[in-house]
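Just target08.pdb here, PDB, C-alpha atoms and all ligand atoms:
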```
MODEL        1
ATOM      1  CA  MET A 146      20.517   4.979  26.224  1.00  0.00           C
ATOM      2  CA  THR A 147      20.287   4.819  22.496  1.00  0.00           C
ATOM      3  CA  HIS A 148      17.466   2.402  22.107  1.00  0.00           C
ATOM      4  CA  THR A 149      16.327   2.491  18.523  1.00  0.00           C
ATOM      5  CA  GLN A 150      12.621   2.833  18.541  1.00  0.00           C
ATOM      6  CA  ASP A 151      11.743   2.076  14.982  1.00  0.00           C
ATOM      7  CA  SER A 152      14.829   0.874  13.172  1.00  0.00           C
ATOM      8  CA  ALA A 153      12.866  -1.726  11.247  1.00  0.00           C
ATOM      9  CA  PRO A 154       9.196  -0.949  10.833  1.00  0.00           C
ATOM     10  CA  LEU A 155       6.918  -3.940  10.854  1.00  0.00           C
ATOM     11  CA  LYS A 156       5.134  -4.749   7.669  1.00  0.00           C
ATOM     12  CA  PRO A 157       1.438  -5.510   7.681  1.00  0.00           C
ATOM     13  CA  CYS A 158       0.395  -9.081   8.279  1.00  0.00           C
ATOM     14  CA  PRO A 159       0.573 -11.116   5.056  1.00  0.00           C
ATOM     15  CA  MET A 160      -2.370 -13.195   6.168  1.00  0.00           C
ATOM     16  CA  CYS A 161      -4.968 -10.695   7.288  1.00  0.00           C
ATOM     17  CA  GLY A 162      -3.370  -7.364   6.437  1.00  0.00           C
ATOM     18  CA  SER A 163      -3.382  -5.961   9.959  1.00  0.00           C
ATOM     19  CA  GLY A 164      -0.887  -3.196  10.550  1.00  0.00           C
ATOM     20  CA  PRO A 165       1.451  -2.850  13.528  1.00  0.00           C
ATOM     21  CA  ALA A 166      -0.232  -2.728  16.907  1.00  0.00           C
ATOM     22  CA  LYS A 167       0.263   0.100  19.334  1.00  0.00           C
ATOM     23  CA  GLY A 168       3.197  -0.483  21.633  1.00  0.00           C
ATOM     24  CA  PHE A 169       5.366  -1.836  18.857  1.00  0.00           C
ATOM     25  CA  GLY A 170       8.814  -2.772  20.080  1.00  0.00           C
ATOM     26  CA  ARG A 171       7.901  -2.652  23.742  1.00  0.00           C
ATOM     27  CA  TYR A 172       6.648  -5.097  26.264  1.00  0.00           C
ATOM     28  CA  THR A 173       3.035  -5.460  25.558  1.00  0.00           C
ATOM     29  CA  ASN A 174       0.332  -7.634  26.831  1.00  0.00           C
ATOM     30  CA  ALA A 175      -1.085  -9.242  23.783  1.00  0.00           C
ATOM     31  CA  SER A 176      -3.523  -6.784  22.364  1.00  0.00           C
ATOM     32  CA  PHE A 177      -5.026  -9.310  19.945  1.00  0.00           C
ATOM     33  CA  SER A 178      -5.208  -6.706  17.266  1.00  0.00           C
ATOM     34  CA  GLY A 179      -2.431  -6.099  14.824  1.00  0.00           C
ATOM     35  CA  VAL A 180       1.205  -7.036  14.432  1.00  0.00           C
ATOM     36  CA  GLU A 181       3.453  -6.702  17.437  1.00  0.00           C
ATOM     37  CA  VAL A 182       6.762  -7.792  18.898  1.00  0.00           C
ATOM     38  CA  MET A 183       6.626 -10.156  21.811  1.00  0.00           C
ATOM     39  CA  ASP A 184       9.813 -10.306  23.812  1.00  0.00           C
ATOM     40  CA  GLN A 185       8.825 -11.249  27.297  1.00  0.00           C
ATOM     41  CA  THR A 186      10.746 -14.508  27.250  1.00  0.00           C
ATOM     42  CA  ASN A 187      14.157 -13.375  25.967  1.00  0.00           C
ATOM     43  CA  MET A 188      13.213 -15.189  22.788  1.00  0.00           C
ATOM     44  CA  PRO A 189      11.534 -12.446  20.824  1.00  0.00           C
ATOM     45  CA  TYR A 190       9.189 -13.103  18.001  1.00  0.00           C
ATOM     46  CA  VAL A 191       6.688 -11.177  15.966  1.00  0.00           C
ATOM     47  CA  TRP A 192       3.099 -12.184  15.805  1.00  0.00           C
ATOM     48  CA  CYS A 193      -0.191 -10.949  14.504  1.00  0.00           C
ATOM     49  CA  GLY A 194      -2.723 -10.754  17.284  1.00  0.00           C
ATOM     50  CA  THR A 195      -5.533 -10.697  14.784  1.00  0.00           C
ATOM     51  CA  CYS A 196      -4.923 -14.027  13.060  1.00  0.00           C
ATOM     52  CA  CYS A 197      -2.158 -15.526  15.245  1.00  0.00           C
ATOM     53  CA  LEU A 198       0.394 -15.816  12.464  1.00  0.00           C
ATOM     54  CA  GLN A 199       3.823 -15.666  14.045  1.00  0.00           C
ATOM     55  CA  THR A 200       7.513 -16.050  13.351  1.00  0.00           C
ATOM     56  CA  CYS A 201       9.898 -18.417  15.051  1.00  0.00           C
ATOM     57  CA  THR A 202      11.704 -17.099  18.103  1.00  0.00           C
ATOM     58  CA  TYR A 203      14.999 -15.295  17.663  1.00  0.00           C
ATOM     59  CA  ASP A 204      17.897 -14.045  19.731  1.00  0.00           C
ATOM     60  CA  SER A 205      17.084 -10.428  19.109  1.00  0.00           C
ATOM     61  CA  ILE A 206      14.094  -8.300  18.326  1.00  0.00           C
ATOM     62  CA  GLU A 207      15.734  -7.067  15.157  1.00  0.00           C
ATOM     63  CA  GLU A 208      16.116 -10.609  13.871  1.00  0.00           C
ATOM     64  CA  ALA A 209      12.503 -11.332  14.621  1.00  0.00           C
ATOM     65  CA  ILE A 210      11.405  -8.182  12.831  1.00  0.00           C
ATOM     66  CA  THR A 211      13.608  -8.984   9.855  1.00  0.00           C
ATOM     67  CA  ALA A 212      12.111 -12.455   9.685  1.00  0.00           C
ATOM     68  CA  TRP A 213       8.612 -11.057   9.866  1.00  0.00           C
ATOM     69  CA  ASN A 214       9.262  -8.454   7.207  1.00  0.00           C
ATOM     70  CA  THR A 215      10.864 -11.044   4.951  1.00  0.00           C
ATOM     71  CA  ARG A 216       7.939 -13.370   5.393  1.00  0.00           C
ATOM     72  CA  ALA A 217       5.558 -10.502   4.847  1.00  0.00           C
ATOM     73  CA  THR A 218       6.973  -9.974   1.390  1.00  0.00           C
ATOM     74  CA  LEU A 219       6.236 -13.537   0.389  1.00  0.00           C
ATOM     75  CA  ARG A 220       3.035 -14.695  -1.154  1.00  0.00           C
ATOM     76  CA  THR A 221       1.791 -17.412   1.128  1.00  0.00           C
ATOM     77  CA  ASP A 222      -0.931 -18.413  -1.273  1.00  0.00           C
ATOM     78  CA  GLU A 223       1.594 -20.185  -3.462  1.00  0.00           C
ATOM     79  CA  GLY A 224       2.435 -22.662  -0.771  1.00  0.00           C
ATOM     80  CA  ASP A 225       6.178 -22.304  -1.103  1.00  0.00           C
ATOM     81  CA  GLU A 226       8.199 -20.025   1.104  1.00  0.00           C
ATOM     82  CA  VAL A 227      11.663 -20.951  -0.037  1.00  0.00           C
TER      83      VAL A 227
HETATM   84 ZN    ZN B   1      -2.757 -11.386  10.720  1.00  0.00          ZN
ENDMDL
END
```
Now that the file is in, can you turn its structure into structure tokens?
Amino acid sequence: MTHTQDSAPLKPCPMCGSGPAKGFGRYTNASFSGVEVMDQTNMPYVWCGTCCLQTCTYDSIEEAITAWNTRATLRTDEGDEV
């Protein structure tokens, strides 16, 4: 098994600044503290357990992480996320 453990590190939450939660990339019961990947439904997404910001659901964890990291680079205080 060559399961990549940390191919795409999660960026801190753009809303509250929380870093990745423990258990990143694995099945976790929502820890409600920090950014983590949720993939219990075959529709993985990334969410911040601290402020509940989350991405859409994706077909793969990597896509969800990419979406999160892309969003995390955007300034949400400008109102546009084009
Ligand atoms: Zn947050």
Q. Taking all atoms listed in the file into account, which of A:Tyr203, A:Thr215, A:Ala166, A:Cys193 comes nearest ligand ZN 1 (chain B)?
A. A:Cys193
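Counting all atoms listed in the file and comparing A:Val191, A:Val182, A:Leu198, A:Ile210, the residue that lies closest to ligand ZN 1 (chain B) is A:Leu198.
Closest approach to Ala209 of chain A among A:Ser178, A:Met183, A:Pro154, A:Tyr190 is made by A:Tyr190 (distances from all atoms listed in the file).
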**Q.** Protein and nucleic acid residues within 10 Å of ligand ZN 1 (chain B) (all atoms listed in the file) as an MDAnalysis selection string
**A.** chainID A and resid 157:165 177:180 192:199
With C-alpha atoms retained, export the selected residues as a short mmCIF file (atom, residue, chain, number, x, y, z; two decimals), in the frame of the given file.
```cif
data_model
loop_
_atom_site.label_atom_id
_atom_site.label_comp_id
_atom_site.auth_asym_id
_atom_site.auth_seq_id
_atom_site.Cartn_x
_atom_site.Cartn_y
_atom_site.Cartn_z
CA PRO A 157 1.44 -5.51 7.68
CA CYS A 158 0.40 -9.08 8.28
CA PRO A 159 0.57 -11.12 5.06
CA MET A 160 -2.37 -13.20 6.17
CA CYS A 161 -4.97 -10.70 7.29
CA GLY A 162 -3.37 -7.36 6.44
CA SER A 163 -3.38 -5.96 9.96
CA GLY A 164 -0.89 -3.20 10.55
CA PRO A 165 1.45 -2.85 13.53
CA PHE A 177 -5.03 -9.31 19.94
CA SER A 178 -5.21 -6.71 17.27
CA GLY A 179 -2.43 -6.10 14.82
CA VAL A 180 1.20 -7.04 14.43
CA TRP A 192 3.10 -12.18 15.80
CA CYS A 193 -0.19 -10.95 14.50
CA GLY A 194 -2.72 -10.75 17.28
CA THR A 195 -5.53 -10.70 14.78
CA CYS A 196 -4.92 -14.03 13.06
CA CYS A 197 -2.16 -15.53 15.24
CA LEU A 198 0.39 -15.82 12.46
CA GLN A 199 3.82 -15.67 14.04
#
```
Q. In Å, how far is it from atom CA of Asn214 of chain A to atom CA of Lys156 of chain A?
A. 5.6 Å
